[in-house]
file upload.csv (CSV, C-alpha atoms and all ligand atoms)
chain,number,residue,atom,x,y,z
A,1,MET,CA,17.8,-28.9,77.8
A,2,GLY,CA,18.1,-28.6,81.6
A,3,LEU,CA,17.7,-31.4,84.0
A,4,SER,CA,14.3,-30.2,85.0
A,5,ASP,CA,13.2,-30.1,81.4
A,6,ALA,CA,14.3,-33.7,80.9
A,7,LEU,CA,12.4,-35.0,84.0
A,8,TRP,CA,9.3,-33.0,84.1
A,9,ARG,CA,6.6,-31.6,81.9
A,10,THR,CA,3.5,-29.5,82.5
A,11,ASP,CA,0.0,-30.7,81.8
A,12,GLY,CA,-2.8,-28.6,80.3
A,13,CYS,CA,-3.9,-27.5,83.8
A,14,GLY,CA,-0.4,-26.2,84.6
A,15,ASN,CA,0.3,-29.2,86.9
A,16,THR,CA,3.9,-30.5,86.7
A,17,LEU,CA,4.1,-34.2,85.8
A,18,ALA,CA,7.0,-36.6,85.6
A,19,ALA,CA,7.9,-37.1,82.0
A,20,THR,CA,7.4,-40.8,82.4
A,21,ASP,CA,4.0,-40.4,84.1
A,22,GLU,CA,1.7,-42.0,81.4
A,23,ASN,CA,-1.4,-41.8,83.6
A,24,ASN,CA,-1.2,-38.1,84.2
A,25,VAL,CA,-1.4,-38.7,87.9
A,26,CYS,CA,-0.9,-35.4,89.6
A,27,MET,CA,2.7,-35.2,90.9
A,28,LYS,CA,4.3,-32.8,93.4
A,29,PRO,CA,5.4,-29.5,91.9
A,30,GLU,CA,8.7,-29.5,90.1
A,31,SER,CA,10.3,-27.3,92.7
A,32,ASP,CA,9.6,-30.0,95.3
A,33,LYS,CA,11.8,-32.4,93.5
A,34,LEU,CA,14.5,-30.3,92.0
A,35,THR,CA,15.1,-27.4,94.3
A,36,GLY,CA,13.7,-28.7,97.6
A,37,ARG,CA,10.3,-27.9,99.2
A,38,VAL,CA,9.8,-24.4,100.5
A,39,GLY,CA,10.4,-24.5,104.3
A,40,GLU,CA,12.5,-27.6,104.2
A,41,VAL,CA,15.6,-27.4,106.4
A,42,TRP,CA,18.7,-29.2,105.2
A,43,VAL,CA,22.0,-29.5,107.0
A,44,PHE,CA,25.2,-30.3,105.2
A,45,GLY,CA,27.8,-32.3,107.1
A,46,TYR,CA,31.4,-32.8,106.0
A,47,GLY,CA,33.1,-33.9,109.2
A,48,SER,CA,31.9,-35.5,112.4
A,49,LEU,CA,28.3,-34.7,111.4
A,50,ILE,CA,28.7,-37.5,108.8
A,51,TRP,CA,29.6,-40.2,111.2
A,52,ARG,CA,28.0,-39.0,114.3
A,53,PRO,CA,25.1,-36.7,113.5
A,54,GLY,CA,23.5,-37.2,116.9
A,55,PHE,CA,20.0,-36.1,115.7
A,56,GLU,CA,17.0,-37.5,114.0
A,57,TYR,CA,16.4,-36.7,110.3
A,58,ASP,CA,13.7,-37.3,107.7
A,59,ASP,CA,16.1,-37.8,104.8
A,60,LYS,CA,19.8,-38.3,104.2
A,61,GLN,CA,21.6,-38.0,100.9
A,62,VAL,CA,25.2,-37.7,99.7
A,63,ALA,CA,25.6,-34.1,98.6
A,64,VAL,CA,28.2,-32.1,96.8
A,65,LEU,CA,29.3,-28.6,97.7
A,66,ALA,CA,31.3,-26.8,95.0
A,67,GLY,CA,34.2,-24.5,95.6
A,68,TYR,CA,35.3,-26.0,98.9
A,69,GLN,CA,37.6,-28.7,100.2
A,70,ARG,CA,38.0,-30.4,103.6
A,71,SER,CA,40.9,-29.0,105.5
A,72,PHE,CA,42.3,-29.9,109.0
A,73,SER,CA,43.1,-26.2,109.5
A,74,GLN,CA,41.1,-25.7,112.7
A,75,ALA,CA,42.7,-26.1,116.1
A,76,SER,CA,40.5,-28.0,118.6
A,77,HIS,CA,40.9,-26.8,122.2
A,78,ASP,CA,37.7,-28.3,123.8
A,79,HIS,CA,36.9,-31.4,121.7
A,80,ARG,CA,39.9,-33.4,120.2
A,81,GLY,CA,42.6,-31.5,122.0
A,82,THR,CA,43.1,-29.2,125.0
A,83,ALA,CA,43.9,-25.5,125.5
A,84,GLU,CA,47.6,-26.5,126.1
A,85,ALA,CA,47.8,-29.1,123.3
A,86,PRO,CA,45.1,-28.5,120.7
A,87,GLY,CA,44.2,-31.1,118.2
A,88,ARG,CA,43.1,-30.5,114.6
A,89,VAL,CA,39.6,-30.8,113.2
A,90,VAL,CA,38.2,-30.4,109.8
A,91,THR,CA,36.7,-27.3,108.3
A,92,LEU,CA,36.0,-26.2,104.7
A,93,ALA,CA,38.5,-24.1,102.9
A,94,PRO,CA,37.4,-22.2,99.7
A,95,SER,CA,39.2,-23.7,96.7
A,96,THR,CA,38.5,-22.8,93.1
A,97,GLY,CA,37.4,-25.8,91.1
A,98,ALA,CA,37.3,-28.1,94.1
A,99,GLN,CA,34.2,-29.9,95.5
A,100,CYS,CA,33.5,-31.4,98.8
A,101,LYS,CA,31.3,-34.4,99.0
A,102,GLY,CA,29.4,-34.9,102.3
A,103,VAL,CA,26.0,-35.8,103.6
A,104,ALA,CA,22.9,-33.6,103.6
A,105,PHE,CA,20.2,-34.3,106.3
A,106,ARG,CA,16.7,-33.0,106.0
A,107,LEU,CA,15.5,-32.1,109.5
A,108,PRO,CA,12.1,-32.7,110.9
A,109,ALA,CA,10.1,-29.4,111.4
A,110,PRO,CA,10.4,-27.3,113.4
A,111,ALA,CA,14.2,-27.3,113.2
A,112,THR,CA,14.9,-24.3,115.4
A,113,GLU,CA,15.9,-26.1,118.6
A,114,LEU,CA,18.1,-28.6,116.8
A,115,LEU,CA,19.9,-25.9,114.9
A,116,SER,CA,20.6,-24.1,118.2
A,117,ALA,CA,22.0,-27.3,119.6
A,118,LEU,CA,24.2,-27.6,116.6
A,119,ASP,CA,25.4,-24.0,117.0
A,120,ILE,CA,26.6,-25.1,120.5
A,121,ARG,CA,28.2,-28.3,119.2
A,122,GLU,CA,30.0,-26.5,116.4
A,123,GLN,CA,31.6,-23.8,118.5
A,124,ASP,CA,35.3,-22.9,118.8
A,125,GLY,CA,35.3,-20.9,115.6
A,126,TYR,CA,32.6,-22.5,113.5
A,127,GLU,CA,29.8,-20.3,112.2
A,128,ARG,CA,26.4,-21.2,110.8
A,129,THR,CA,26.5,-20.6,107.0
A,130,HIS,CA,24.1,-21.1,104.1
A,131,VAL,CA,25.4,-23.0,101.1
A,132,GLU,CA,23.9,-24.5,98.0
A,133,VAL,CA,24.5,-28.2,97.6
A,134,ILE,CA,23.5,-30.8,95.0
A,135,LEU,CA,21.9,-33.9,96.4
A,136,SER,CA,22.4,-37.4,95.0
A,137,SER,CA,18.7,-37.1,93.8
A,138,GLY,CA,19.9,-34.3,91.5
A,139,ALA,CA,18.0,-31.6,93.5
A,140,SER,CA,19.8,-28.4,94.4
A,141,VAL,CA,19.0,-27.2,97.9
A,142,SER,CA,20.0,-24.5,100.2
A,143,ALA,CA,21.7,-26.1,103.3
A,144,ILE,CA,23.0,-25.0,106.6
A,145,THR,CA,26.6,-25.9,107.4
A,146,TRP,CA,29.1,-24.8,110.0
A,147,ILE,CA,32.4,-23.4,108.7
A,148,ALA,CA,35.4,-22.2,110.6
A,149,SER,CA,36.8,-19.6,108.3
A,150,ARG,CA,40.4,-18.5,107.7
A,151,GLY,CA,41.1,-15.7,110.2
A,152,ASN,CA,39.2,-17.1,113.2
A,153,PRO,CA,41.4,-17.4,116.2
A,154,SER,CA,41.7,-21.2,116.0
A,155,TRP,CA,42.6,-21.2,112.3
A,156,ARG,CA,46.0,-22.7,111.6
A,157,ASP,CA,47.5,-21.7,108.3
A,158,HIS,CA,50.4,-23.2,106.3
A,159,GLU,CA,50.7,-26.5,108.2
A,160,SER,CA,52.1,-29.3,106.2
A,161,LEU,CA,50.3,-32.7,106.0
A,162,ASP,CA,53.2,-34.2,108.0
A,163,ASP,CA,52.8,-31.6,110.8
A,164,ILE,CA,49.0,-32.1,110.9
A,165,ALA,CA,49.5,-35.9,111.0
A,166,GLN,CA,52.0,-35.5,113.9
A,167,LEU,CA,49.3,-33.6,115.9
A,168,ILE,CA,46.4,-35.9,115.0
A,169,ALA,CA,48.4,-39.0,115.9
A,170,TYR,CA,48.9,-38.0,119.5
A,171,ARG,CA,46.5,-35.3,120.6
A,172,LYS,CA,43.3,-36.0,122.6
A,173,GLY,CA,40.6,-34.0,124.3
A,174,PRO,CA,37.3,-34.5,126.2
A,175,SER,CA,35.6,-36.1,123.1
A,176,GLY,CA,38.4,-38.6,122.6
A,177,THR,CA,41.6,-39.0,120.6
A,178,ASN,CA,42.2,-36.8,117.6
A,179,ARG,CA,43.1,-39.9,115.5
A,180,GLU,CA,39.7,-41.5,116.2
A,181,TYR,CA,38.1,-38.4,114.7
A,182,LEU,CA,40.1,-38.8,111.5
A,183,PHE,CA,39.7,-42.5,111.3
A,184,GLU,CA,35.9,-42.3,111.9
A,185,LEU,CA,35.7,-39.8,109.1
A,186,GLU,CA,37.8,-41.9,106.8
A,187,GLY,CA,35.6,-45.0,107.5
A,188,ALA,CA,32.4,-43.1,107.0
A,189,LEU,CA,33.5,-41.6,103.7
A,190,GLU,CA,34.6,-45.1,102.5
A,191,LYS,CA,31.2,-46.6,103.4
A,192,LEU,CA,29.5,-43.8,101.4
A,193,GLU,CA,32.0,-44.4,98.5
A,194,ILE,CA,33.2,-40.9,98.8
A,195,ARG,CA,36.8,-40.7,97.7
A,196,ASP,CA,38.9,-37.9,99.4
A,197,GLU,CA,42.6,-38.2,98.8
A,198,TYR,CA,43.4,-35.6,101.4
A,199,ILE,CA,41.7,-37.7,104.1
A,200,ASN,CA,43.2,-40.9,102.8
A,201,ASP,CA,46.8,-39.4,102.7
A,202,LEU,CA,46.4,-38.0,106.2
A,203,SER,CA,45.2,-41.4,107.6
A,204,VAL,CA,48.1,-43.2,106.0
A,205,LEU,CA,50.6,-40.8,107.7
A,206,VAL,CA,48.9,-41.1,111.1
A,207,ARG,CA,48.8,-44.9,110.9
A,208,ALA,CA,52.5,-44.9,110.0
A,209,LEU,CA,53.4,-42.7,113.0
A,210,ARG,CA,51.4,-44.9,115.3
A,211,TYR,CA,52.9,-48.1,113.8
A,212,ARG,CA,56.4,-46.8,114.2
A,213,GLU,CA,55.8,-45.8,117.8
A,214,ILE,CA,54.2,-49.2,118.7
A,215,ASN,CA,57.1,-51.1,117.1
A,216,GLN,CA,59.8,-49.0,118.6
A,217,GLY,CA,58.2,-49.0,122.1
B,301,LIG,C1,30.8,-31.1,110.1
B,301,LIG,O1,30.9,-32.2,110.4
B,301,LIG,O2,30.0,-30.8,109.2
B,301,LIG,C2,31.5,-29.9,110.8
B,301,LIG,C3,32.8,-30.3,111.3
B,301,LIG,C4,32.7,-31.3,112.5
B,301,LIG,O3,31.9,-31.1,113.4
B,301,LIG,O4,33.5,-32.2,112.5

call {"tool": "encode", "arguments": {"input": "upload.csv", "output": "structure tokens", "more": "lines below"}}
Ligand code: SIN
result
Amino acid sequence: MGLSDALWRTDGCGNTLAATDENNVCMKPESDKLTGRVGEVWVFGYGSLIWRPGFEYDDKQVAVLAGYQRSFSQASHDHRGTAEAPGRVVTLAPSTGAQCKGVAFRLPAPATELLSALDIREQDGYERTHVEVILSSGASVSAITWIASRGNPSWRDHESLDDIAQLIAYRKGPSGTNREYLFELEGALEKLEIRDEYINDLSVLVRALRYREINQG
């Protein structure tokens, strides 16, 4: 039995009712609850969109995207670094069997202007992409996310965690230090009870570098 079968049933008139709805009160159609309403616009955030969305939303839920993992493989020339000394920001790397937990936001309609603003915010290699995510409610929805894919000019391949930590610890750009970006993400994930060992390991390395510097200086 699928999830939808377990939670919903159809009454004699073809209306979908919650399985627990004893009074036969008319409920929203099944598709509203389990696949999202037609016309709804969801945005999936996995990086700074989690801790600084910067927009209004009608709903926010932890969401899971299968087949991807967070990766600091994207050089940042205009945000957490400069053209001469780029920082590193997070993108999504395809990875079989992996899953990335982030946050899905349901945008107020009409969403066109906000999406255009996000296109501008997520520049420097990021492209608007449609993905399928599972919300904490159990619904599967199509969501828009911004991914900087392998092969874009700012993609940095084969960097070790130590190399990335070394950059994040010291680089900064117009939006602030690179380490603030990492630590804000780490803190936001912790608050949402999302465990990401990659982010935790990177944060430990960056803190150790800073600690050493402060105590040597
Ligand atoms: C995101 O947060 O979803 C994209 C990457 C970023 O802006 O940090």

call {"tool": "residues_near_ligand", "arguments": {"input": "upload.csv", "ligand": "ligand LIG 301 (chain B)", "cutoff": "9 Å", "atoms": "all atoms listed in the file", "output": "list in words"}}
result
Val43, Phe44, Gly45, Tyr46, Gly47, Ser48, Leu49, Ile50, Trp51, Arg52, Pro53, Val89, Val90, Thr91, Leu92, Gly102, Val103, Arg121, Glu122, Gln123, Tyr126, Thr145, Trp146, Ile147, Ala148, Tyr181 and Leu185 of chain A

call {"tool": "write_last_selection", "arguments": {"input": "upload.csv", "atoms": "C-alpha atoms", "output": "CSV table (one decimal), in the coordinates of the input"}}
result
chain,number,residue,atom,x,y,z
A,43,VAL,CA,22.0,-29.5,107.0
A,44,PHE,CA,25.2,-30.3,105.2
A,45,GLY,CA,27.8,-32.3,107.1
A,46,TYR,CA,31.4,-32.8,106.0
A,47,GLY,CA,33.1,-33.9,109.2
A,48,SER,CA,31.9,-35.5,112.4
A,49,LEU,CA,28.3,-34.7,111.4
A,50,ILE,CA,28.7,-37.5,108.8
A,51,TRP,CA,29.6,-40.2,111.2
A,52,ARG,CA,28.0,-39.0,114.3
A,53,PRO,CA,25.1,-36.7,113.5
A,89,VAL,CA,39.6,-30.8,113.2
A,90,VAL,CA,38.2,-30.4,109.8
A,91,THR,CA,36.7,-27.3,108.3
A,92,LEU,CA,36.0,-26.2,104.7
A,102,GLY,CA,29.4,-34.9,102.3
A,103,VAL,CA,26.0,-35.8,103.6
A,121,ARG,CA,28.2,-28.3,119.2
A,122,GLU,CA,30.0,-26.5,116.4
A,123,GLN,CA,31.6,-23.8,118.5
A,126,TYR,CA,32.6,-22.5,113.5
A,145,THR,CA,26.6,-25.9,107.4
A,146,TRP,CA,29.1,-24.8,110.0
A,147,ILE,CA,32.4,-23.4,108.7
A,148,ALA,CA,35.4,-22.2,110.6
A,181,TYR,CA,38.1,-38.4,114.7
A,185,LEU,CA,35.7,-39.8,109.1

call {"tool": "closest_residue", "arguments": {"input": "upload.csv", "among": "A:Cys100, A:Ala75, A:Ala117, A:Leu182", "to": "Asp201 of chain A", "atoms": "all atoms listed in the file"}}
result
A:Leu182

call {"tool": "atom_distance", "arguments": {"input": "upload.csv", "atom1": "atom CA of Arg171 of chain A", "atom2": "atom CA of Pro153 of chain A"}}
result
19.1 Å

call {"tool": "residues_near_point", "arguments": {"input": "upload.csv", "point": "(40.3, -14.8, 104.7)", "cutoff": "10 Å", "atoms": "only C-alpha atoms", "output": "ChimeraX atom specification"}}
result
/A:93-94,149-152

call {"tool": "atom_distance", "arguments": {"input": "upload.csv", "atom1": "atom CA of Ala83 of chain A", "atom2": "atom CA of Ser116 of chain A"}}
result
24.5 Å

call {"tool": "build_atoms", "arguments": {"input": "upload.csv", "residues": "segment 169-205 of chain A", "atoms": "N, CA and C atoms", "output": "short mmCIF file (atom, residue, chain, number, x, y, z; two decimals), in the coordinates of the input"}}
result
data_model
loop_
_atom_site.label_atom_id
_atom_site.label_comp_id
_atom_site.auth_asym_id
_atom_site.auth_seq_id
_atom_site.Cartn_x
_atom_site.Cartn_y
_atom_site.Cartn_z
N ALA A 169 47.98 -37.69 115.40
CA ALA A 169 48.40 -39.00 115.90
C ALA A 169 48.41 -39.06 117.44
N TYR A 170 48.69 -37.93 118.08
CA TYR A 170 48.90 -38.00 119.50
C TYR A 170 48.00 -37.14 120.40
N ARG A 171 47.32 -36.18 119.81
CA ARG A 171 46.50 -35.30 120.60
C ARG A 171 45.21 -35.95 121.04
N LYS A 172 44.68 -35.51 122.17
CA LYS A 172 43.30 -36.00 122.60
C LYS A 172 42.67 -34.93 123.45
N GLY A 173 41.35 -35.01 123.52
CA GLY A 173 40.60 -34.00 124.30
C GLY A 173 39.39 -34.70 124.93
N PRO A 174 38.46 -33.90 125.45
CA PRO A 174 37.30 -34.50 126.20
C PRO A 174 36.47 -35.42 125.30
N SER A 175 36.46 -35.25 123.98
CA SER A 175 35.60 -36.10 123.10
C SER A 175 36.38 -37.38 122.68
N GLY A 176 37.67 -37.45 122.98
CA GLY A 176 38.40 -38.60 122.60
C GLY A 176 39.69 -38.25 121.82
N THR A 177 40.33 -39.28 121.27
CA THR A 177 41.60 -39.00 120.60
C THR A 177 41.32 -38.30 119.25
N ASN A 178 42.33 -37.55 118.84
CA ASN A 178 42.20 -36.80 117.60
C ASN A 178 42.22 -37.83 116.40
N ARG A 179 43.00 -38.91 116.58
CA ARG A 179 43.10 -39.90 115.50
C ARG A 179 41.76 -40.61 115.28
N GLU A 180 41.01 -40.83 116.36
CA GLU A 180 39.70 -41.50 116.20
C GLU A 180 38.80 -40.61 115.32
N TYR A 181 38.86 -39.30 115.53
CA TYR A 181 38.10 -38.40 114.70
C TYR A 181 38.39 -38.55 113.23
N LEU A 182 39.69 -38.63 112.95
CA LEU A 182 40.10 -38.80 111.50
C LEU A 182 39.69 -40.14 110.99
N PHE A 183 39.94 -41.20 111.76
CA PHE A 183 39.70 -42.50 111.30
C PHE A 183 38.14 -42.79 111.10
N GLU A 184 37.36 -42.21 111.99
CA GLU A 184 35.90 -42.30 111.90
C GLU A 184 35.44 -41.65 110.55
N LEU A 185 36.02 -40.51 110.29
CA LEU A 185 35.70 -39.80 109.10
C LEU A 185 36.10 -40.58 107.83
N GLU A 186 37.31 -41.09 107.90
CA GLU A 186 37.80 -41.90 106.80
C GLU A 186 36.89 -43.09 106.51
N GLY A 187 36.49 -43.79 107.60
CA GLY A 187 35.60 -45.00 107.50
C GLY A 187 34.25 -44.61 106.92
N ALA A 188 33.72 -43.51 107.41
CA ALA A 188 32.40 -43.10 107.00
C ALA A 188 32.38 -42.72 105.49
N LEU A 189 33.43 -42.03 105.08
CA LEU A 189 33.50 -41.60 103.70
C LEU A 189 33.64 -42.88 102.78
N GLU A 190 34.43 -43.83 103.26
CA GLU A 190 34.60 -45.10 102.50
C GLU A 190 33.28 -45.79 102.31
N LYS A 191 32.51 -45.88 103.41
CA LYS A 191 31.20 -46.60 103.40
C LYS A 191 30.27 -45.90 102.37
N LEU A 192 30.38 -44.58 102.28
CA LEU A 192 29.50 -43.80 101.40
C LEU A 192 30.08 -43.78 99.94
N GLU A 193 31.24 -44.44 99.79
CA GLU A 193 32.00 -44.40 98.50
C GLU A 193 32.32 -43.02 98.06
N ILE A 194 32.69 -42.22 99.05
CA ILE A 194 33.20 -40.90 98.80
C ILE A 194 34.71 -40.92 98.84
N ARG A 195 35.35 -40.61 97.74
CA ARG A 195 36.80 -40.70 97.70
C ARG A 195 37.38 -39.28 98.04
N ASP A 196 38.23 -39.20 99.06
CA ASP A 196 38.90 -37.90 99.40
C ASP A 196 40.34 -38.21 99.68
N GLU A 197 41.17 -37.88 98.70
CA GLU A 197 42.60 -38.20 98.80
C GLU A 197 43.29 -37.56 99.97
N TYR A 198 42.84 -36.36 100.28
CA TYR A 198 43.40 -35.60 101.40
C TYR A 198 43.24 -36.41 102.71
N ILE A 199 42.01 -36.90 102.92
CA ILE A 199 41.70 -37.70 104.10
C ILE A 199 42.48 -39.00 104.11
N ASN A 200 42.53 -39.63 102.94
CA ASN A 200 43.20 -40.90 102.80
C ASN A 200 44.73 -40.72 103.12
N ASP A 201 45.34 -39.68 102.55
CA ASP A 201 46.80 -39.40 102.70
C ASP A 201 47.09 -39.17 104.21
N LEU A 202 46.24 -38.37 104.80
CA LEU A 202 46.40 -38.00 106.20
C LEU A 202 46.33 -39.29 107.09
N SER A 203 45.36 -40.13 106.78
CA SER A 203 45.20 -41.40 107.60
C SER A 203 46.37 -42.28 107.43
N VAL A 204 46.93 -42.37 106.24
CA VAL A 204 48.10 -43.20 106.00
C VAL A 204 49.27 -42.69 106.87
N LEU A 205 49.47 -41.37 106.88
CA LEU A 205 50.60 -40.80 107.70
C LEU A 205 50.38 -41.04 109.16
#
